[in-house]
Structure formats: C-alpha cells, structure tokens
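Q: My structure is in input_37.cif, and what it holds is mmCIF, C-alpha atoms:
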```
data_query
loop_
_atom_site.label_atom_id
_atom_site.label_comp_id
_atom_site.auth_asym_id
_atom_site.auth_seq_id
_atom_site.Cartn_x
_atom_site.Cartn_y
_atom_site.Cartn_z
CA MET A 27 -0.15 4.38 23.96
CA ARG A 28 0.74 6.16 20.72
CA ASP A 29 -1.64 4.11 18.57
CA PRO A 30 -5.05 3.82 20.27
CA TYR A 31 -6.05 0.90 18.06
CA CYS A 32 -3.35 -1.33 19.53
CA ILE A 33 -4.34 -3.82 22.23
CA GLU A 34 -1.37 -3.73 24.58
CA GLU A 35 -1.61 -7.32 25.81
CA ASP A 36 -1.84 -8.67 22.27
CA VAL A 37 1.04 -6.54 20.99
CA ARG A 38 3.38 -7.47 23.84
CA LYS A 39 2.50 -11.14 23.43
CA ARG A 40 3.16 -11.02 19.71
CA VAL A 41 6.47 -9.22 20.21
CA SER A 42 7.74 -11.73 22.79
CA GLU A 43 6.32 -14.94 21.32
CA ASP A 44 6.81 -14.16 17.66
CA TYR A 45 9.29 -11.43 16.77
CA LEU A 46 11.82 -11.61 19.62
CA ARG A 47 11.68 -15.39 19.67
CA THR A 48 12.39 -15.44 15.94
CA ILE A 49 15.30 -13.00 16.36
CA ASN A 50 16.78 -15.08 19.19
CA ASN A 51 16.33 -18.30 17.23
CA ALA A 52 18.04 -16.71 14.23
CA GLU A 53 21.03 -15.82 16.41
CA GLU A 54 21.34 -19.42 17.63
CA GLN A 55 21.01 -20.82 14.10
CA ILE A 56 23.63 -18.42 12.75
CA LYS A 57 26.13 -19.76 15.32
CA LYS A 58 25.30 -23.39 14.51
CA VAL A 59 25.33 -23.07 10.72
CA THR A 60 28.49 -20.93 10.81
CA ALA A 61 30.20 -23.67 12.81
CA ASP A 62 28.95 -26.25 10.26
CA GLU A 63 30.37 -24.19 7.40
CA GLU A 64 33.74 -23.94 9.11
CA GLN A 65 33.80 -27.73 9.62
CA GLY A 66 32.57 -28.52 6.12
CA ILE A 67 29.26 -29.94 7.31
CA GLN A 68 26.11 -29.51 5.19
CA ARG A 69 22.91 -30.46 7.06
CA TYR A 70 20.26 -28.83 4.86
CA SER A 71 19.24 -28.79 1.20
CA SER A 72 20.12 -25.09 0.96
CA ASP A 73 23.80 -24.22 1.22
CA ASN A 74 25.07 -22.92 4.58
CA ILE A 75 26.00 -19.48 3.27
CA SER A 76 22.49 -18.79 1.98
CA ILE A 77 20.96 -19.98 5.27
CA ILE A 78 23.22 -17.71 7.32
CA ARG A 79 22.35 -14.77 5.13
CA ALA A 80 18.61 -15.48 5.43
CA TYR A 81 18.86 -15.39 9.23
CA TYR A 82 20.72 -12.07 9.12
CA LEU A 83 17.98 -10.66 6.91
CA CYS A 84 15.53 -11.86 9.56
CA TRP A 85 17.30 -9.61 12.07
CA PHE A 86 17.23 -6.75 9.61
CA GLN A 87 13.49 -6.99 9.01
CA TYR A 88 12.26 -7.94 12.47
CA GLY A 89 14.34 -5.35 14.31
CA THR A 90 12.34 -2.48 12.81
CA VAL A 91 9.09 -4.40 13.32
CA VAL A 92 9.74 -4.66 17.07
CA PHE A 93 10.80 -1.00 17.10
CA SER A 94 7.44 -0.03 15.56
CA ALA A 95 5.40 -2.27 17.84
CA MET A 96 6.98 -0.90 21.00
CA TYR A 97 6.75 2.65 19.68
CA SER A 98 3.01 2.10 19.16
CA LEU A 99 2.69 1.12 22.83
CA GLY A 100 4.25 4.40 23.94
CA GLU A 101 7.65 3.10 25.09
CA LYS A 102 10.43 5.64 25.58
CA ILE A 103 12.35 6.21 22.37
CA GLU A 104 15.73 5.59 24.02
CA ASP A 105 14.47 2.14 25.05
CA LEU A 106 13.71 1.32 21.41
CA CYS A 107 17.22 1.98 20.10
CA PRO A 108 18.48 -1.60 20.76
CA TYR A 109 15.90 -2.92 18.28
CA PHE A 110 17.10 -0.42 15.70
CA ASP A 111 20.65 -1.64 16.35
CA ILE A 112 19.55 -5.25 15.76
CA SER A 113 18.16 -4.25 12.38
CA VAL A 114 21.35 -2.40 11.42
CA LYS A 115 23.49 -5.34 12.52
CA GLY A 116 21.38 -7.75 10.50
CA LEU A 117 21.63 -5.60 7.38
CA GLU A 118 25.39 -5.12 7.81
CA ASN A 119 26.03 -8.84 8.19
CA SER A 120 23.77 -9.72 5.25
CA TYR A 121 26.17 -8.11 2.77
CA GLN A 122 29.45 -9.60 3.97
CA SER A 123 31.88 -10.62 1.25
CA MET A 124 30.96 -14.29 1.71
CA PHE A 125 27.52 -13.53 0.25
CA TYR A 126 28.69 -11.84 -2.94
CA ASN A 127 28.38 -14.99 -5.03
CA THR A 128 25.18 -16.43 -3.56
CA GLY A 129 23.03 -15.10 -6.41
CA PHE A 130 20.66 -13.27 -4.05
CA CYS A 131 22.08 -9.76 -4.17
CA ILE A 132 18.75 -8.10 -4.91
CA ASN A 133 16.57 -10.20 -2.59
CA TYR A 134 15.68 -7.83 0.23
CA ASN A 135 12.76 -5.97 1.82
CA TYR A 136 12.44 -2.45 0.40
CA ASP A 137 10.02 -1.22 3.08
CA ALA A 138 12.33 -2.44 5.85
CA LEU A 139 15.27 -0.62 4.25
CA LEU A 140 13.26 2.58 3.82
CA ASP A 141 12.08 2.40 7.45
CA LEU A 142 15.62 1.79 8.69
CA ILE A 143 17.02 4.79 6.83
CA SER A 144 14.13 7.01 7.93
CA ILE A 145 14.32 5.96 11.59
CA GLY A 146 18.07 6.56 11.47
CA ILE A 147 17.46 10.12 10.28
CA LEU A 148 14.88 10.73 13.01
CA LEU A 149 17.26 9.34 15.66
CA GLU A 150 20.05 11.44 14.12
CA ILE A 151 22.41 8.47 14.16
CA ASP A 152 26.11 9.00 13.62
CA ASP A 153 27.62 9.11 10.14
CA ASN A 154 29.37 5.75 10.46
CA THR A 155 26.11 3.94 11.25
CA MET A 156 24.37 5.65 8.33
CA LYS A 157 27.27 4.57 6.10
CA VAL A 158 26.61 0.97 7.14
CA ILE A 159 22.98 1.34 6.03
CA ALA A 160 24.03 3.13 2.83
CA ASP A 161 26.41 0.29 2.00
CA GLY A 162 23.47 -2.08 2.35
CA ALA A 163 21.40 0.04 -0.03
CA ARG A 164 24.28 -0.04 -2.49
CA PHE A 165 24.79 -3.81 -2.15
CA TYR A 166 21.12 -4.50 -2.81
CA HIS A 167 21.06 -2.12 -5.79
CA ALA A 168 18.38 0.11 -4.23
CA ASN A 169 18.44 2.52 -7.16
CA ASP A 170 15.39 4.25 -5.81
CA ALA A 171 14.69 7.98 -5.86
CA LEU A 172 13.32 8.20 -2.31
CA VAL A 173 16.11 6.13 -0.75
CA ASP A 174 18.57 8.24 -2.74
CA PHE A 175 17.09 11.49 -1.43
CA LEU A 176 17.13 10.42 2.20
CA LEU A 177 20.73 9.22 2.05
CA SER A 178 21.84 12.32 0.15
CA ALA A 179 20.71 14.48 3.08
CA TYR A 180 23.41 12.88 5.27
CA ASP A 181 26.94 14.08 4.68
CA ILE A 182 28.43 10.61 4.14
CA GLY A 183 29.69 10.88 0.58
CA TRP A 184 26.68 9.06 -0.87
CA GLU A 185 26.91 8.91 -4.66
CA HIS A 186 23.56 9.52 -6.32
CA CYS A 187 22.02 6.49 -7.97
CA THR A 188 18.56 7.88 -8.58
CA GLY A 189 16.40 5.75 -10.81
CA LYS A 190 12.63 5.49 -10.64
CA PHE A 191 10.77 5.11 -7.39
CA TYR A 192 11.35 1.44 -6.66
CA LEU A 193 7.86 0.96 -5.27
CA PRO A 194 6.07 3.78 -7.06
CA ARG A 195 2.83 3.47 -5.18
CA PRO A 196 2.65 5.56 -3.03
CA TYR A 197 6.22 6.79 -2.81
CA GLN A 198 6.28 8.68 -6.11
CA TYR A 199 4.17 11.37 -4.44
CA THR A 200 7.09 12.34 -2.21
CA LYS A 201 8.74 13.91 -5.25
CA ASP A 202 6.11 16.68 -5.25
CA ILE A 203 6.71 17.31 -1.54
CA ILE A 204 10.46 17.64 -2.05
CA ARG A 205 10.15 19.90 -5.08
CA THR A 206 7.48 22.13 -3.56
CA ALA A 207 9.49 22.58 -0.36
CA GLN A 208 12.16 24.44 -2.32
CA GLU A 209 9.79 27.37 -2.91
CA ASP A 210 6.70 26.98 -0.71
CA LYS A 211 7.10 25.29 2.70
CA GLU A 212 3.46 25.81 3.60
CA GLU A 213 2.20 24.06 0.48
CA ALA A 214 4.77 21.30 0.95
CA SER A 215 3.43 20.77 4.50
CA ARG A 216 -0.08 20.47 3.06
CA LEU A 217 1.14 17.90 0.55
CA LEU A 218 2.85 16.00 3.37
CA GLU A 219 -0.41 15.84 5.31
CA GLU A 220 -2.27 14.63 2.21
CA TYR A 221 0.43 12.04 1.55
CA VAL A 222 0.23 10.50 5.03
CA LYS A 223 -3.54 10.62 5.47
CA LYS A 224 -4.53 9.44 2.00
CA LYS A 225 -1.82 8.22 -0.35
CA TRP A 226 0.52 6.48 2.09
CA LEU A 227 -2.21 4.57 3.91
CA SER A 228 -4.09 3.41 0.82
CA GLY A 229 -0.98 2.87 -1.30
CA ASN A 230 0.52 0.46 1.23
CA GLY A 231 -2.76 -1.28 1.94
CA TYR A 232 -2.83 0.14 5.49
CA LYS A 233 -6.17 1.94 5.28
CA ASN A 234 -7.98 -0.67 7.37
CA ALA A 235 -4.92 -2.28 8.94
CA HIS A 236 -6.11 -1.43 12.47
CA LYS A 237 -9.04 -3.82 11.99
CA GLU A 238 -6.78 -6.79 11.35
CA LYS A 239 -5.96 -9.34 14.03
CA GLY A 240 -2.54 -8.86 15.56
CA TYR A 241 -2.32 -5.18 14.59
CA ILE A 242 0.87 -3.61 16.00
CA GLY A 243 0.61 -0.12 14.48
CA VAL A 244 1.91 1.31 11.21
CA TRP A 245 4.07 4.44 10.94
CA SER A 246 5.11 6.59 8.00
CA TYR A 247 8.71 7.08 9.04
CA ASP A 248 9.63 8.27 5.55
CA ALA A 249 7.16 11.18 5.81
CA ALA A 250 8.60 12.26 9.17
CA ALA A 251 12.14 12.02 7.77
CA LEU A 252 11.14 14.26 4.86
CA ALA A 253 9.62 16.80 7.24
CA LYS A 254 12.79 16.82 9.34
CA ILE A 255 15.14 17.22 6.38
CA LEU A 256 13.02 19.82 4.58
CA GLY A 257 12.07 21.76 7.72
CA LEU A 258 8.31 21.36 7.24
CA ASP A 259 5.60 22.16 9.76
CA ASP A 260 4.16 18.84 10.92
CA SER A 261 2.19 20.18 13.91
CA CYS A 262 -1.06 18.89 12.39
CA PHE A 263 0.12 15.33 13.16
CA LYS A 264 0.67 15.84 16.89
CA GLY A 265 -1.16 13.14 18.80
CA LYS A 266 -2.31 11.44 15.58
CA LYS A 267 -1.64 7.85 14.57
CA ASN A 268 0.47 6.72 11.60
CA TYR A 269 2.83 9.73 11.78
CA PRO A 270 5.66 9.28 14.35
CA TYR A 271 5.48 12.82 15.73
CA ASP A 272 7.34 12.06 18.98
CA LEU A 273 10.17 10.44 17.06
CA ALA A 274 10.29 13.29 14.54
CA HIS A 275 10.87 15.74 17.41
CA TYR A 276 13.10 13.51 19.52
CA LYS A 277 16.29 15.32 18.53
CA HIS A 278 17.11 18.65 16.92
CA ASP A 279 20.92 18.60 16.89
CA ARG A 280 21.67 17.74 13.29
CA VAL A 281 21.51 20.34 10.53
CA PHE A 282 20.69 19.00 7.08
CA SER A 283 22.46 20.87 4.30
CA ALA A 284 20.37 21.97 1.32
CA ASN A 285 23.40 21.43 -0.92
CA ALA A 286 23.11 17.68 -0.41
CA TYR A 287 19.66 17.34 -1.91
CA LEU A 288 19.89 20.13 -4.47
CA GLU A 289 22.06 17.72 -6.43
CA TRP A 290 19.28 15.15 -6.11
CA LEU A 291 16.81 17.61 -7.66
CA THR A 292 19.23 18.23 -10.50
CA LYS A 293 19.57 14.50 -11.17
CA ILE A 294 15.80 14.04 -11.18
CA ARG A 295 15.34 16.89 -13.66
CA GLU A 296 18.07 15.50 -15.91
CA LYS A 297 16.41 12.09 -16.00
CA GLU A 298 12.99 13.56 -16.70
CA GLN A 299 14.32 15.85 -19.41
CA GLY A 300 16.20 12.94 -20.95
CA ALA A 301 13.05 10.79 -21.01
CA GLU A 302 11.03 13.67 -22.46
CA TYR A 303 13.64 14.26 -25.16
CA ARG A 304 13.63 10.57 -26.13
CA ASN A 305 9.85 10.60 -26.39
CA TYR A 306 10.03 13.83 -28.37
CA ARG A 307 12.37 12.21 -30.88
CA MET A 308 10.05 9.21 -31.13
CA ALA A 309 7.14 11.52 -31.90
CA GLY A 310 8.88 12.51 -35.14
CA GLU A 311 7.80 15.50 -37.16
CA GLU A 312 4.06 14.91 -36.76
CA GLY A 313 2.13 15.61 -33.58
CA ILE A 314 4.90 17.59 -31.88
CA LEU A 315 2.61 20.41 -30.71
CA GLY A 316 0.17 17.96 -29.19
CA PHE A 317 2.99 15.96 -27.64
CA LEU A 318 4.43 19.04 -25.95
CA LEU A 319 1.00 20.01 -24.63
CA VAL A 320 0.47 16.51 -23.26
CA ASN A 321 3.82 16.64 -21.46
CA MET A 322 2.98 20.03 -19.95
CA LEU A 323 -0.26 18.59 -18.56
CA VAL A 324 1.63 15.53 -17.28
CA THR A 325 3.99 17.84 -15.39
CA ASP A 326 1.04 19.71 -13.86
CA GLY A 327 -0.64 16.45 -12.85
CA TYR A 328 -3.71 16.64 -15.09
CA ILE A 329 -2.60 13.75 -17.30
CA LEU A 330 -1.11 10.52 -15.97
CA GLN A 331 1.88 9.01 -17.77
CA MET A 332 2.43 5.28 -17.31
CA ASP A 333 4.97 2.80 -18.60
CA TYR A 334 3.40 -0.27 -20.17
CA LYS A 335 5.66 -2.52 -18.06
CA ASP A 336 4.29 -1.15 -14.77
CA GLY A 337 0.60 -1.95 -15.20
CA PRO A 338 -2.37 0.32 -14.42
CA GLU A 339 -2.87 -1.09 -10.91
CA GLU A 340 0.20 0.75 -9.67
CA TYR A 341 -0.90 4.30 -10.45
CA LEU A 342 -4.35 4.66 -11.95
CA ILE A 343 -6.67 4.51 -8.91
CA ASP A 344 -4.67 7.15 -7.01
CA PHE A 345 -4.62 9.44 -10.04
CA VAL A 346 -8.38 9.04 -10.60
CA ASN A 347 -9.26 9.78 -6.98
CA GLU A 348 -6.88 12.74 -6.85
CA ARG A 349 -8.53 14.30 -9.90
CA LEU A 350 -12.09 13.54 -8.69
CA GLU A 351 -11.45 15.09 -5.29
CA THR A 352 -9.22 18.01 -6.30
CA ASP A 353 -10.65 19.09 -9.66
CA TYR A 354 -14.32 18.19 -9.27
CA GLY A 355 -14.98 17.96 -5.53
CA LYS A 356 -16.28 14.39 -5.84
CA ASP A 357 -15.94 11.46 -3.45
CA MET A 358 -13.30 8.85 -4.18
CA ILE A 359 -14.13 5.51 -5.76
CA GLU A 360 -13.05 2.11 -4.50
CA GLU A 361 -10.35 0.19 -6.29
CA PRO A 362 -11.52 -2.79 -8.35
CA GLU A 363 -9.87 -6.17 -8.03
CA SER A 364 -6.53 -6.49 -9.81
CA ASP A 365 -6.11 -8.23 -13.14
CA ASP A 366 -4.65 -11.65 -13.54
CA GLU A 367 -0.97 -10.74 -13.98
CA SER A 368 -0.75 -12.83 -17.14
CA GLU A 369 -3.26 -10.60 -18.92
CA ASN A 370 -0.91 -7.65 -19.33
CA ILE A 371 1.88 -9.83 -20.66
CA ASP A 372 -0.01 -10.34 -23.92
CA ALA A 373 1.34 -7.71 -26.31
CA GLU A 374 -1.97 -7.63 -28.17
CA ILE A 375 -3.82 -6.26 -25.14
CA GLU A 376 -3.49 -2.50 -24.81
CA LEU A 377 -3.19 -1.03 -21.34
CA TYR A 378 -6.59 0.65 -21.61
CA ASP A 379 -8.29 -2.64 -22.58
CA THR A 380 -7.45 -4.66 -19.46
CA LYS A 381 -10.15 -5.99 -17.14
CA TYR A 382 -8.87 -3.78 -14.34
CA VAL A 383 -9.11 -0.58 -16.39
CA LYS A 384 -12.53 -1.48 -17.77
CA SER A 385 -13.82 -2.20 -14.26
CA LEU A 386 -12.42 1.11 -13.03
CA GLY A 387 -13.94 2.83 -16.06
CA ARG A 388 -17.39 1.52 -15.17
CA LYS A 389 -17.07 2.86 -11.63
CA LEU A 390 -15.93 6.18 -13.07
CA LYS A 391 -18.91 6.40 -15.42
CA ARG A 392 -21.31 5.93 -12.52
CA LYS A 393 -19.74 9.11 -11.14
CA GLY A 394 -20.40 10.91 -14.43
CA PHE A 395 -16.84 10.74 -15.81
CA ARG A 396 -14.83 8.77 -18.36
CA PHE A 397 -11.28 7.99 -19.37
CA VAL A 398 -9.59 9.77 -22.26
CA TRP A 399 -6.44 8.12 -23.60
CA PHE A 400 -3.83 10.00 -25.65
CA LEU A 401 -2.43 7.66 -28.26
CA ILE A 402 1.23 8.50 -28.78
CA ASP A 403 3.50 6.07 -30.59
CA SER A 404 5.84 5.30 -27.72
CA ASP A 405 6.16 2.85 -24.83
CA GLN A 406 4.24 5.24 -22.57
CA TYR A 407 0.51 5.56 -21.96
CA TYR A 408 -1.22 8.88 -21.23
CA VAL A 409 -4.67 9.21 -19.69
CA CYS A 410 -6.92 11.80 -18.06
CA ILE A 411 -10.51 11.82 -16.79
CA MET A 412 -13.23 14.15 -18.03
CA PRO A 413 -16.98 14.57 -17.50
CA LYS A 414 -19.08 12.40 -19.81
CA THR A 415 -20.82 15.54 -21.06
CA ALA A 416 -17.59 16.92 -22.60
CA VAL A 417 -17.64 16.70 -26.40
CA LEU A 418 -14.41 15.29 -27.83
CA GLY A 419 -13.33 14.38 -31.32
CA LYS A 420 -10.90 11.73 -32.47
CA LYS A 421 -7.92 14.07 -32.28
CA TRP A 422 -6.61 16.69 -29.90
CA HIS A 423 -3.86 18.96 -31.22
CA GLU A 424 -2.53 16.25 -33.56
CA ILE A 425 -2.73 13.51 -30.93
CA ARG A 426 -5.17 10.65 -31.47
CA LEU A 427 -7.66 10.09 -28.67
CA LYS A 428 -9.48 7.05 -27.38
CA VAL A 429 -12.56 8.02 -25.38
CA ASP A 430 -14.18 5.35 -23.22
#
```
As a first step, turn the structure in this file into structure tokens.
A:
Amino acid sequence: MRDPYCIEEDVRKRVSEDYLRTINNAEEQIKKVTADEEQGIQRYSSDNISIIRAYYLCWFQYGTVVFSAMYSLGEKIEDLCPYFDISVKGLENSYQSMFYNTGFCINYNYDALLDLISIGILLEIDDNTMKVIADGARFYHANDALVDFLLSAYDIGWEHCTGKFYLPRPYQYTKDIIRTAQEDKEEASRLLEEYVKKKWLSGNGYKNAHKEKGYIGVWSYDAAALAKILGLDDSCFKGKKNYPYDLAHYKHDRVFSANAYLEWLTKIREKEQGAEYRNYRMAGEEGILGFLLVNMLVTDGYILQMDYKDGPEEYLIDFVNERLETDYGKDMIEEPESDDESENIDAEIELYDTKYVKSLGRKLKRKGFRFVWFLIDSDQYYVCIMPKTAVLGKKWHEIRLKVD
C-alpha cells in the first residue's frame, strides 16, 4: 500500500464497478455509434461525432485515474502500464480529423493531460508515444508554461508555445523550481518539497482529500517529473504519500538534455520582459522609479502581481500564507469563501474591494497585518502585506498606495 489512507476493498470496488466499467461501456458505445454514423443513423439529440469523441475523452481521463488508484494500492508499476496506454489511446482518438469541426477543440481536462505527460516522463516512454501526447496538447491549444516545459525536455521536436500557466494555482510555483535548479539544486529541491507538501495539496483542494469517501489517493506526478528532468534530490519523499517516489525511480535510462529547456527559460524571460516593458510604457514619465522598484519586489516575491481578469481567489491566499510563514514566522490563515463570480465582472468594483479580499483582510488583521495596494495605472494589481504597526503615507516612491 503506497497510500496508507486508502481502504483497499473500497478502492478495488470503485475501480471495477465505476472506472473500468465506464471504460468498457465507452468502448462498446464507440463501436455502436461509429456503426450508426457509417449507416447514417442518428439515435441521440447530440450528433454521433460529438458522442464518439466524448467517449474517447472518457478513456483519456479514466485511464490515468485507474493508474493512480492501483498505484496507491501498491501494484507493480509494470502492471499499471496498460491503464496508461488506455489514456494515451483515448487522447489520440479524441483528436482525429473527424473532430476538427465539432466546435469542441478546447474542451478537455488539463489535470488529466498534465498527469499523462508527467507519467510518460516517469515511465520514460518512447518518443513516438510522447509525440502522440504532444499532438493532443497542440490540438487542445494547451498553451501552458508547465506543459510546455515538460514536453520540451523530450527530444521530439516540440515547438514552444509557452503562455501563462493555464491553471495558475498552484502550478505557477513550478517556475521558481525550474529557474532555481539552473544554479542551486539544493535550494530547488527544498522548493520542490515545499511545493508538494503545501502549495500543490492546498492549491488543488487535496489537503483533506484522504478524509473524503471513496478516496483513491492523489499523486503529484508533475513534481516527480520535474525532479527527474532537473536531477533534483527527492529522497525526502521516500515512503511518503502524494509524491510518486517509486515511479520517479522506476527507470534511469533516459538522459534529459539541458538544451531542451534552456530555450524554455529564454521564452519565459522574453515574455516577462515584454510584459514589463509594456507596463513601463503605460506608466509614462511619472512614477517610473516607483514602478521599477515595485517590479523588482514582484520578481523577488515580496509583492504579488495579479491580472484583473484572474480574480484574487487564484493567487492571494497562497501569497499571504507564504509571506506570513517565510517573512514573519506566523501560522497560515484559512481561505475565506469565494466571491460570487458575478461580483468581479462589475468594472466599478476594484479588485481590492471584493468581498473575498475584504474577508481575507479581516483574517489578516487578526494576525496583526494588513494589505497594502500599489495603485499603478495599468490592468495589473500589486499588493503586499505589512504589520499594522508600520507607518505608511499615501505615496511610496511616486506610486499611490491604498492601505487597508
């Protein structure tokens, strides 16, 4: 048993009666609906092509779920490979040419794709199989920085398509691990441990997952894939749950070239510099010194930069707890309930005036801290936390402040 919280009887029952039954049913339905399509028969309100594709996506998603469940129970890794193959086959079939005009090209499960890529790296699958997965990422427009990094480590001719982190919470923290590993492997290993034990669990809502009925285990395959590619020491995870240590050390035959992901780092820097330059131009002639200082502190992690379109729920609680724990040695605070999504749509409501932020601010004040917002005339928001005893004016190096 790799995850001690799993109840073997319950997991095996769920795998056989739920996941495998669903996969088998999907296979039968694909055959039937494909035959209907060939004969020009339409039995359902949805068109046949969309139904077939939905069943293939079922394979794609459930294959990795069964893989994880059986891994949690301690099954041999070689016995899990057929479930990985089911997932790959489902993904491959979901982007056949017949689906190009269905209108669902971006309807897919990001976590399942990330797990599939990561497991493939840990299994050291062949280049052709990884190309199949990469083609799926391309078809579904997965312009995501983490997916891009993982695929760039394989020598398959992957063309960089790095955008933002598609699901920024918690995956944006992997950027620090990758960057740090270029100069300080030991510190990168520490960041990896922090990522898995704190940010990954809470960011995905897995912190108390083991208490839920039907728990089958959760594994940070992406963290293990990063450790394998970057050559990080992950010995601290041996025998621990959530990090697939056995899978990470299953094979050691493949060598990952640094040249592959050095280009990724270059692309990331170019995008960040481009964004900083655009903001710099927007700042105009006034407040440039303050703007540059703010950006330096953003780079060092002391100030959080957010896009107004993302919403504070995606980043703010992790930033607050990181600063409380790292800078001040304080315990973390619990996340308040999220806003009604419609609230942030109103252009008249500033990001720092939402119910979510105000609720978080009240929790922060009970700890003896407060929010400080840097008001820059752009589509970005900048915030830090400071002790309530700190005396602040209305401006800081030409940048207007809002102190809660």
Q: At a cut-off of 9 Å, using all atoms listed in the file, what residues contact Met358 in chain A? Leave out same-chain residues fewer than 2 positions from it and give the result as a ChimeraX atom specification.
A: /A:346-348,350-351,356,360
Q: Pull out every residue that the PyMOL selection byres ((chain A and resi 82) around 8) matches in the shown coordinates and put them as a list in words.
A: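 Here the PyMOL selection byres ((chain A and resi 82) around 8) matches Ala52, Ile56, Ile78, Arg79, Ala80, Tyr81, Leu83, Cys84, Trp85, Phe86, Gly116, Leu117, Asn119 and Ser120 of chain A.
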Q: Specify as JSON, numbers by chain each residue included when the PyMOL selection byres ((chain A and resi 40) around 12) is applied to this file.
A: {"A": [32, 33, 34, 35, 36, 37, 38, 39, 41, 42, 43, 44, 45, 46, 47, 48, 91, 92, 95, 96, 239, 240, 241, 242]}
Q: Quick one, how far is CA of Cys107 in chain A from CA of Pro270 in chain A?
A: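 Here the two named atoms are 14.8 Å from each other.
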Q: Pick out the residues sitting within 7 Å of range 394-399 of chain A, and hand them over as a VMD selection string; count all atoms listed in the file, and ignore anything fewer than 2 positions along from it in its own chain.
A: chain A and resid 387 390 to 392 401 408 to 414 427 to 430
Q: Using all atoms listed in the file for the distances, tell me which of A:Ala235, A:Leu139, A:Val324, A:Ala168 is nearest to Asp248 in chain A.
A: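 Selected residue with least distance to Asp248 in chain A: A:Leu139.
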Q: So how many Å separate CA of Glu53 in chain A and CA of Val244 in chain A, to one decimal?
A: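 Calculated distance between CA of Glu53 in chain A and CA of Val244 in chain A is 26.2 Å.
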Q: Using all atoms listed in the file, which of A:Ser246, A:Ser385, A:Ser113, A:Ser404 sits nearest Tyr271 in chain A?
A: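 Residue with the minimum atom-to-atom distance to Tyr271 in chain A: A:Ser246.
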Q: Please expand the PyMOL selection byres ((chain A and resi 184) around 12) into the concrete residues it hits in this file, giving the result as number ranges by chain.
A: A: 153, 156-161, 163-164, 173-183, 185-188, 286-287, 289-290
Q: If we count all atoms listed in the file and set the cut-off at 7 Å, which residues sit around Thr90 in chain A, ignoring sequence neighbours fewer than 6 positions away in its own chain? Please answer as a ChimeraX atom specification.
A: /A:109-110,113,138,142
Q: Could you tell me how far CA of Glu219 in chain A sits from CA of Arg205 in chain A, in Å to one decimal place?
A: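 It comes out at 15.4 Å.
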Q: A:His236, A:Asn268, A:Arg195, A:Ala249: which is nearest Leu217 in chain A, counting only C-alpha atoms?
A: A:Ala249
Q: Please determine, counting all atoms listed in the file, which residue among A:Ile402, A:Asp259, A:Gly162, A:Arg295 has the shortest atom-to-atom distance to Thr325 in chain A.
A: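 Going through A:Ile402, A:Asp259, A:Gly162, A:Arg295 one by one, the smallest distance to Thr325 in chain A is for A:Arg295.
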Q: Have a look at A:Ile112, A:Gly265, A:Leu291, A:Asp73 and name the one nearest to Asp202 in chain A; count only C-alpha atoms.
A: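 Closest residue, counting only C-alpha atoms: A:Leu291.
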Q: Which residue gives the smallest distance to Lys57 in chain A among A:Ile203, A:Ile77, A:Leu252, A:Leu319, with all atoms listed in the file counted?
A: A:Ile77
